[in-house]
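A.B. asks: Coordinates in final22.cif, mmCIF, C-alpha atoms, are listed below.
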data_structure
loop_
_atom_site.label_atom_id
_atom_site.label_comp_id
_atom_site.auth_asym_id
_atom_site.auth_seq_id
_atom_site.Cartn_x
_atom_site.Cartn_y
_atom_site.Cartn_z
CA MET A 8 -51.26 -45.56 -37.39
CA SER A 9 -50.96 -48.96 -35.74
CA PHE A 10 -48.53 -51.86 -36.09
CA SER A 11 -51.01 -54.29 -34.50
CA MET A 12 -53.36 -54.64 -37.54
CA GLY A 13 -56.02 -56.47 -35.56
CA GLY A 14 -56.44 -59.99 -36.95
CA GLN A 15 -54.46 -59.43 -40.16
CA SER A 16 -51.24 -61.41 -40.57
CA ALA A 17 -48.27 -59.08 -41.02
CA THR A 18 -46.66 -61.58 -43.39
CA MET A 19 -49.67 -61.72 -45.72
CA LEU A 20 -50.15 -57.96 -45.55
CA LEU A 21 -46.59 -57.49 -46.80
CA VAL A 22 -47.10 -60.06 -49.55
CA TYR A 23 -50.29 -58.33 -50.71
CA ILE A 24 -48.61 -54.92 -50.81
CA ASN A 25 -45.56 -56.16 -52.70
CA VAL A 26 -47.59 -58.08 -55.27
CA GLY A 27 -50.06 -55.22 -55.68
CA VAL A 28 -47.31 -52.66 -56.29
CA PHE A 29 -45.57 -55.01 -58.74
CA LEU A 30 -48.74 -55.59 -60.77
CA VAL A 31 -49.54 -51.87 -60.98
CA ASP A 32 -45.96 -51.05 -61.96
CA TRP A 33 -45.82 -53.84 -64.55
CA LEU A 34 -49.25 -53.34 -66.11
CA LEU A 35 -48.96 -49.56 -66.38
CA GLN A 36 -45.20 -49.56 -67.06
CA LEU A 37 -44.69 -46.77 -64.52
CA ASP A 38 -40.99 -47.48 -63.99
CA LEU A 39 -41.37 -46.77 -60.27
CA ALA A 40 -37.78 -47.81 -59.64
CA ARG A 41 -36.66 -44.60 -61.31
CA TRP A 42 -38.36 -42.54 -58.60
CA LEU A 43 -38.64 -44.85 -55.61
CA GLY A 44 -35.61 -47.14 -55.89
CA VAL A 45 -32.31 -46.44 -54.09
CA HIS A 46 -29.72 -44.75 -56.33
CA ASP A 47 -26.01 -44.37 -55.76
CA SER A 48 -26.68 -40.64 -55.18
CA THR A 49 -29.41 -41.16 -52.58
CA LEU A 50 -26.92 -41.04 -49.72
CA TYR A 51 -26.00 -37.45 -50.59
CA GLN A 52 -29.59 -36.25 -51.01
CA PRO A 53 -31.42 -36.17 -47.64
CA TRP A 54 -34.65 -35.12 -49.35
CA MET A 55 -34.59 -38.49 -51.16
CA TRP A 56 -34.03 -40.67 -48.11
CA PHE A 57 -37.60 -41.93 -48.32
CA GLN A 58 -36.19 -44.22 -51.03
CA TYR A 59 -34.53 -46.29 -48.29
CA LEU A 60 -38.04 -47.51 -47.45
CA THR A 61 -39.92 -47.42 -50.76
CA TYR A 62 -37.37 -49.51 -52.69
CA GLY A 63 -38.23 -52.51 -50.52
CA PHE A 64 -41.73 -52.69 -52.01
CA LEU A 65 -40.62 -52.61 -55.64
CA HIS A 66 -39.36 -55.43 -57.84
CA ALA A 67 -37.87 -55.71 -61.31
CA ILE A 68 -40.50 -55.47 -64.08
CA SER A 69 -38.04 -56.07 -66.92
CA GLY A 70 -34.79 -57.90 -67.50
CA PRO A 71 -33.72 -61.49 -66.78
CA HIS A 72 -35.04 -61.46 -63.21
CA ALA A 73 -38.46 -59.96 -63.90
CA GLY A 74 -41.20 -62.13 -62.45
CA TRP A 75 -38.79 -64.49 -60.71
CA HIS A 76 -37.53 -61.62 -58.56
CA ILE A 77 -40.84 -61.02 -56.82
CA PHE A 78 -41.87 -64.68 -56.89
CA GLY A 79 -38.73 -65.80 -55.07
CA ASN A 80 -38.93 -63.05 -52.46
CA MET A 81 -42.62 -63.48 -51.74
CA PHE A 82 -42.38 -67.26 -51.62
CA MET A 83 -39.58 -67.05 -49.04
CA LEU A 84 -41.49 -64.42 -47.06
CA TRP A 85 -44.68 -66.49 -47.10
CA MET A 86 -42.91 -69.75 -46.25
CA PHE A 87 -40.75 -68.56 -43.35
CA GLY A 88 -42.32 -65.26 -42.35
CA ARG A 89 -45.45 -66.92 -40.97
CA ILE A 90 -43.38 -69.13 -38.70
CA VAL A 91 -41.25 -66.27 -37.41
CA GLU A 92 -44.32 -64.08 -36.93
CA THR A 93 -45.96 -66.62 -34.63
CA ARG A 94 -42.85 -66.44 -32.45
CA THR A 95 -42.33 -62.67 -32.40
CA GLY A 96 -45.90 -61.42 -32.62
CA LYS A 97 -47.33 -59.39 -35.49
CA ALA A 98 -46.29 -55.92 -34.41
CA GLU A 99 -42.71 -56.91 -33.58
CA PHE A 100 -42.42 -58.81 -36.87
CA LEU A 101 -43.53 -55.81 -38.90
CA LYS A 102 -41.17 -53.46 -37.06
CA LEU A 103 -38.23 -55.80 -37.69
CA TYR A 104 -39.12 -56.16 -41.37
CA LEU A 105 -39.40 -52.41 -41.99
CA LEU A 106 -36.22 -51.74 -40.01
CA SER A 107 -34.43 -54.29 -42.18
CA VAL A 108 -35.66 -52.63 -45.37
CA VAL A 109 -34.10 -49.34 -44.25
CA VAL A 110 -30.87 -50.85 -42.89
CA CYS A 111 -30.26 -52.95 -46.02
CA GLY A 112 -30.93 -50.00 -48.31
CA ILE A 113 -28.46 -47.80 -46.45
CA ALA A 114 -25.86 -50.59 -46.28
CA TRP A 115 -26.04 -51.20 -50.04
CA ASN A 116 -25.81 -47.47 -50.77
CA ALA A 117 -22.83 -47.04 -48.43
CA ILE A 118 -20.93 -49.95 -50.03
CA VAL A 119 -21.60 -48.63 -53.53
CA VAL A 120 -20.29 -45.18 -52.58
CA LEU A 121 -17.30 -46.63 -50.72
CA LEU A 122 -16.26 -48.75 -53.72
CA GLY A 123 -16.93 -45.93 -56.16
CA GLN A 124 -19.40 -47.99 -58.18
CA ASN A 125 -21.95 -46.55 -60.59
CA ALA A 126 -24.94 -48.70 -59.73
CA GLY A 127 -28.65 -48.49 -59.22
CA PRO A 128 -31.44 -48.14 -58.91
CA MET A 129 -31.68 -50.94 -56.36
CA VAL A 130 -35.11 -52.45 -55.64
CA GLY A 131 -36.52 -55.53 -53.95
CA ALA A 132 -37.45 -57.09 -50.64
CA SER A 133 -34.49 -59.50 -50.69
CA GLY A 134 -32.63 -57.81 -47.84
CA ALA A 135 -35.62 -57.82 -45.50
CA VAL A 136 -36.51 -61.39 -46.49
CA SER A 137 -32.90 -62.36 -45.72
CA THR A 138 -33.36 -60.94 -42.22
CA ILE A 139 -36.51 -62.98 -41.67
CA PHE A 140 -34.92 -66.19 -42.99
CA ALA A 141 -31.77 -65.68 -40.90
CA LEU A 142 -33.93 -65.25 -37.81
CA PHE A 143 -35.87 -68.40 -38.75
CA VAL A 144 -32.60 -70.35 -38.98
CA CYS A 145 -31.49 -69.04 -35.58
CA LEU A 146 -34.84 -69.95 -34.01
CA TYR A 147 -35.20 -73.38 -35.65
CA PRO A 148 -31.75 -74.52 -36.87
CA LYS A 149 -32.70 -78.20 -36.96
CA MET A 150 -36.09 -77.83 -38.65
CA THR A 151 -36.21 -79.72 -41.95
CA VAL A 152 -36.18 -77.59 -45.08
CA TYR A 153 -36.38 -79.02 -48.59
CA LEU A 154 -33.45 -77.77 -50.64
CA GLY A 155 -34.61 -77.30 -54.22
CA PHE A 156 -38.01 -78.67 -53.06
CA LEU A 157 -36.45 -82.16 -53.13
CA ILE A 158 -33.62 -82.68 -50.66
CA PRO A 159 -34.48 -82.58 -46.92
CA VAL A 160 -31.78 -80.78 -44.93
CA PRO A 161 -31.64 -78.91 -41.59
CA ALA A 162 -32.43 -75.20 -41.82
CA TRP A 163 -28.90 -74.27 -40.77
CA VAL A 164 -27.51 -75.92 -43.91
CA VAL A 165 -29.68 -73.73 -46.15
CA GLY A 166 -28.67 -70.74 -44.05
CA ALA A 167 -24.97 -71.55 -44.57
CA ILE A 168 -25.48 -71.96 -48.33
CA MET A 169 -27.31 -68.64 -48.46
CA LEU A 170 -24.52 -66.89 -46.55
CA LEU A 171 -21.72 -68.32 -48.72
CA SER A 172 -23.55 -67.62 -51.98
CA ASN A 173 -23.80 -63.96 -51.02
CA VAL A 174 -20.23 -63.69 -49.76
CA PHE A 175 -18.79 -65.14 -52.99
CA GLY A 176 -21.50 -64.01 -55.43
CA GLN A 177 -20.31 -62.43 -58.69
CA GLN A 178 -23.44 -61.29 -60.56
CA ASP A 179 -23.45 -57.54 -61.10
CA ASP A 180 -27.25 -57.19 -60.95
CA ILE A 181 -27.66 -58.76 -57.48
CA ALA A 182 -27.33 -56.63 -54.34
CA TYR A 183 -25.22 -59.04 -52.29
CA SER A 184 -24.34 -56.35 -49.75
CA ALA A 185 -28.04 -55.79 -48.98
CA HIS A 186 -28.54 -59.52 -48.49
CA LEU A 187 -25.55 -59.74 -46.16
CA ALA A 188 -26.77 -56.74 -44.18
CA GLY A 189 -30.13 -58.45 -43.82
CA ILE A 190 -28.55 -61.69 -42.65
CA GLY A 191 -26.41 -59.80 -40.15
CA LEU A 192 -29.42 -57.92 -38.78
CA GLY A 193 -31.42 -61.13 -38.31
CA VAL A 194 -28.56 -62.82 -36.45
CA ALA A 195 -27.89 -59.72 -34.33
CA TYR A 196 -31.58 -59.43 -33.45
CA PHE A 197 -31.67 -63.04 -32.29
CA PHE A 198 -28.57 -62.98 -30.11
CA SER A 199 -29.20 -59.52 -28.65
CA GLY A 200 -32.62 -60.53 -27.35
CA ILE A 201 -33.78 -56.99 -28.03
CA GLN A 202 -37.46 -56.13 -28.44
CA LEU A 203 -38.14 -53.33 -30.90
CA GLY A 204 -41.38 -52.59 -29.08
CA GLN A 205 -39.25 -50.98 -26.36
CA PHE A 206 -38.21 -48.28 -28.82
CA ILE A 207 -40.95 -48.15 -31.46
CA PRO A 208 -44.53 -47.79 -30.16
CA SER A 209 -47.14 -50.07 -31.72
CA LYS A 210 -49.59 -47.23 -32.15
CA LEU A 211 -48.63 -43.84 -33.51
CA ALA A 212 -51.52 -41.42 -33.30
CA LEU A 213 -51.98 -37.69 -33.40
CA PRO A 214 -53.64 -36.15 -30.32
CA LYS A 215 -57.40 -35.84 -30.62
CA TRP A 216 -58.99 -32.50 -29.84
CA SER A 217 -62.61 -32.25 -28.80
CA LEU A 218 -64.93 -29.57 -27.46
CA ARG A 219 -66.99 -32.13 -25.61
CA SER A 220 -66.64 -32.29 -21.87
CA ARG A 221 -64.65 -35.13 -20.43
CA PRO A 222 -66.56 -38.06 -18.99
CA LYS A 223 -67.21 -38.01 -15.30
CA LEU A 224 -64.89 -39.99 -13.09
CA ARG A 225 -66.11 -43.36 -11.96
CA ILE A 226 -65.33 -44.61 -8.48
CA HIS A 227 -64.53 -48.31 -8.32
CA THR A 228 -65.31 -50.32 -5.26
CA GLU A 229 -62.93 -52.97 -4.01
CA GLU A 230 -65.29 -55.70 -5.19
CA GLU A 231 -65.25 -54.28 -8.72
CA ASP A 232 -61.47 -53.97 -8.72
CA PHE A 233 -61.02 -57.61 -7.79
CA ASP A 234 -63.86 -59.04 -9.91
CA PRO A 235 -62.20 -61.17 -12.62
CA TYR A 236 -65.32 -60.93 -14.81
CA ASN A 237 -65.61 -57.14 -14.72
CA ASP A 238 -65.51 -55.81 -18.34
CA SER A 239 -64.47 -59.31 -19.36
CA ASP A 240 -64.90 -58.91 -23.13
CA GLU A 241 -62.97 -55.66 -23.34
CA GLU A 242 -60.27 -56.99 -21.02
CA ALA A 243 -59.96 -60.20 -23.05
CA GLU A 244 -59.57 -58.19 -26.26
CA ARG A 245 -56.83 -56.13 -24.62
CA ILE A 246 -55.01 -59.27 -23.49
CA LEU A 247 -55.34 -60.93 -26.93
CA GLU A 248 -53.91 -57.80 -28.54
CA LYS A 249 -50.98 -57.97 -26.13
CA VAL A 250 -50.37 -61.60 -27.11
CA ASN A 251 -50.43 -60.65 -30.80
CA GLN A 252 -47.85 -57.95 -30.23
CA SER A 253 -45.51 -59.53 -27.69
CA GLY A 254 -46.38 -63.23 -27.35
CA MET A 255 -47.71 -65.29 -24.44
CA GLU A 256 -44.53 -64.72 -22.43
CA SER A 257 -45.49 -61.08 -21.92
CA LEU A 258 -48.64 -61.91 -19.91
CA SER A 259 -48.79 -61.65 -16.15
CA GLU A 260 -50.27 -64.47 -14.07
CA ALA A 261 -53.49 -62.48 -13.58
CA GLU A 262 -53.82 -61.88 -17.32
CA ARG A 263 -53.32 -65.56 -18.06
CA LYS A 264 -56.11 -66.47 -15.63
CA LYS A 265 -58.46 -63.92 -17.19
CA LEU A 266 -57.69 -65.26 -20.66
CA GLU A 267 -58.35 -68.84 -19.52
CA ALA A 268 -61.64 -67.81 -17.89
CA TYR A 269 -62.71 -65.99 -21.04
CA SER A 270 -61.85 -69.03 -23.18
CA ARG A 271 -63.94 -71.30 -20.93
CA ARG A 272 -66.94 -68.98 -21.18
CA MET A 273 -66.70 -68.87 -24.95
CA ARG A 274 -66.63 -72.68 -25.13
CA GLN A 275 -69.67 -72.87 -22.88
CA LYS A 276 -71.57 -70.48 -25.14
CA LEU A 277 -70.75 -72.59 -28.18
CA SER A 278 -71.67 -75.90 -26.54
#
Since I need it in another form, could you write the structure as structure tokens?
C.D. replies:
Amino acid sequence: MSFSMGGQSATMLLVYINVGVFLVDWLLQLDLARWLGVHDSTLYQPWMWFQYLTYGFLHAISGPHAGWHIFGNMFMLWMFGRIVETRTGKAEFLKLYLLSVVVCGIAWNAIVVLLGQNAGPMVGASGAVSTIFALFVCLYPKMTVYLGFLIPVPAWVVGAIMLLSNVFGQQDDIAYSAHLAGIGLGVAYFFSGIQLGQFIPSKLALPKWSLRSRPKLRIHTEEEDFDPYNDSDEEAERILEKVNQSGMESLSEAERKKLEAYSRRMRQKLS
């Protein structure tokens, strides 16, 4: 399993999965929320804790918010997720999103239990999308956003409206606590400067067993070790993968030079 996904955008991958699950659930009337949504009893049932992840890929298929629920979430994710992803890198973006799904699900469940409410099941990507939007606001507070698609305002204004609407929200069928947990996680992630890649590896793979003999060792000469064009294509792919995961800031000076040399050679081939 890999968080890098090659050339696939993490944002669009998440949109495809959410829309695909919604369509299957809606067309076949599977009522997946009954089995995969977070319930008020989930906290007390460790064997059901997988629901803290699966609920984030489900959306309402009936009721007043059906249709608009997934449209609003996916529009927000598509609009702001792409911008945040270019800043964090694909792998880091996906780790943050999935972490937010889990954190928001647990936070909602804990609040419901604490207040003694009889609620659920809770579904939707709203908490994770709130994390991504909060991080966008922290990164680009002065970027112009069109409120209601008409009124141009700085991003921080929309962020403030979003925060207040969740703090003082009164609708029983909206998980305000999950939204607030998502906002809090996005702000905490920004100000902490933490990188989730330090704790969550980008590639999770089982060890491979083989009866074949190991390849013979190759002795490198000093000229090979210092040749900037040695294995240039493979090295360039490795460096590009590193940029996708951690951004340009993660490259060493030598890696930057190799990437520049590779780019020049590609332009020469095309000219």
A.B. asks: With only C-alpha atoms as the basis for distance, which of A:Ser69, A:Gln205, A:Ser184, A:Ser199 is at the shortest distance from Leu142 of chain A?
C.D. replies: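 Of the candidates, the smallest distance to Leu142 of chain A is held by A:Ser199.
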A.B. asks: Please evaluate the PyMOL selection byres ((chain A and resi 182) around 12) against the displayed coordinates and give the resulting residues as a PyMOL selection string.
C.D. replies: chain A and resi 45+111-116+118-119+126-134+137+172-174+176-181+183-189
A.B. asks: Expressed in Å to a single decimal, how great is the separation between atom CA of Gly191 of chain A and atom CA of Glu99 of chain A?
C.D. replies: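 Here the two named atoms are 17.8 Å from each other.
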A.B. asks: The PyMOL selection byres ((chain A and resi 24-35) around 12) on the file shown: which residues, as an MDAnalysis selection string?
C.D. replies: chainID A and resid 17:23 36:43 61:69 73:82 84:85 130:133
A.B. asks: Go through A:Ile207, A:Met150, A:Ala117, A:Leu247 and flag the residue nearest Ile90 of chain A, using all atoms listed in the file for the distances.
C.D. replies: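 Among A:Ile207, A:Met150, A:Ala117, A:Leu247, it is A:Met150 that comes nearest to Ile90 of chain A.
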A.B. asks: Would you compute the distance between atom CA of Glu241 of chain A and atom CA of Leu258 of chain A? Give it in Å to one decimal.
C.D. replies: 16.0 Å
A.B. asks: I need the residue nearest Val144 of chain A from this list: A:Leu157, A:Met169, A:Val110, A:Leu105. Use only C-alpha atoms for the distance.
C.D. replies: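 Selected residue with least distance to Val144 of chain A: A:Met169.
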A.B. asks: Could you list as a VMD selection string every residue that has an atom within 12 Å of (-54.3, -56.8, -23.8), using the file's coordinates and counting all atoms listed in the file?
C.D. replies: chain A and resid 11 13 239 to 255 257 to 259 261 to 263 265 to 266
A.B. asks: Distance atom CA of Leu170 of chain A-atom CA of Leu203 of chain A, one decimal place?
C.D. replies: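 Rounded to one decimal, the two atoms are 24.8 Å apart.
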A.B. asks: Under the rule that all atoms listed in the file are counted, which of A:Leu171, A:Val136, A:Gln124, A:Thr49 is the nearest residue to Met83 of chain A?
C.D. replies: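 Once distances to Met83 of chain A are computed over all atoms listed in the file, the minimum belongs to A:Val136.
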A.B. asks: Of the candidates A:Gly44, A:Gly70, A:Gly204, A:Gly166, which one gets nearest to Thr95 of chain A if we count all atoms listed in the file?
C.D. replies: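 Nearest candidate to Thr95 of chain A out of A:Gly44, A:Gly70, A:Gly204, A:Gly166: A:Gly204.
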A.B. asks: Residues within 8 Å of Lys149 of chain A, please, as a VMD selection string. Count only C-alpha atoms; anything in the same chain fewer than 6 positions from it doesn't count.
C.D. replies: chain A and resid 161 to 163
A.B. asks: Restricting the output to C-alpha atoms, write the selected residues as a compact mmCIF listing (two decimals), keeping the file's coordinate frame.
C.D. replies:
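Below is the file again17.txt, written as the result:
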# COMPACT_ATOMS: atom_id res chain seq x y z
CA PRO A 161 -31.64 -78.91 -41.59
CA ALA A 162 -32.43 -75.20 -41.82
CA TRP A 163 -28.90 -74.27 -40.77
A.B. asks: From the set A:Ile139, A:Ile201, A:Cys145, A:Val165, which residue has the shortest atom-to-atom contact distance to Ser107 of chain A, counting all atoms listed in the file?
C.D. replies: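 The answer is A:Ile139, which sits nearest to Ser107 of chain A.
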A.B. asks: On this structure, which residues satisfy the PyMOL selection byres ((chain A and resi 193) around 6), written as a list in words?
C.D. replies: Thr138, Ala141, Leu142, Ile190, Gly191, Leu192, Val194, Ala195 and Tyr196 of chain A
A.B. asks: Dump C-alpha atoms for the selected residues as an mmCIF file, keeping the file's coordinate frame?
C.D. replies:
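Wrote it out as part_7.cif, contents follow:
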data_model
loop_
_atom_site.group_PDB
_atom_site.id
_atom_site.type_symbol
_atom_site.label_atom_id
_atom_site.label_comp_id
_atom_site.auth_asym_id
_atom_site.auth_seq_id
_atom_site.Cartn_x
_atom_site.Cartn_y
_atom_site.Cartn_z
ATOM 1 C CA THR A 138 -33.360 -60.940 -42.220
ATOM 2 C CA ALA A 141 -31.770 -65.680 -40.900
ATOM 3 C CA LEU A 142 -33.930 -65.250 -37.810
ATOM 4 C CA ILE A 190 -28.550 -61.690 -42.650
ATOM 5 C CA GLY A 191 -26.410 -59.800 -40.150
ATOM 6 C CA LEU A 192 -29.420 -57.920 -38.780
ATOM 7 C CA VAL A 194 -28.560 -62.820 -36.450
ATOM 8 C CA ALA A 195 -27.890 -59.720 -34.330
ATOM 9 C CA TYR A 196 -31.580 -59.430 -33.450
#
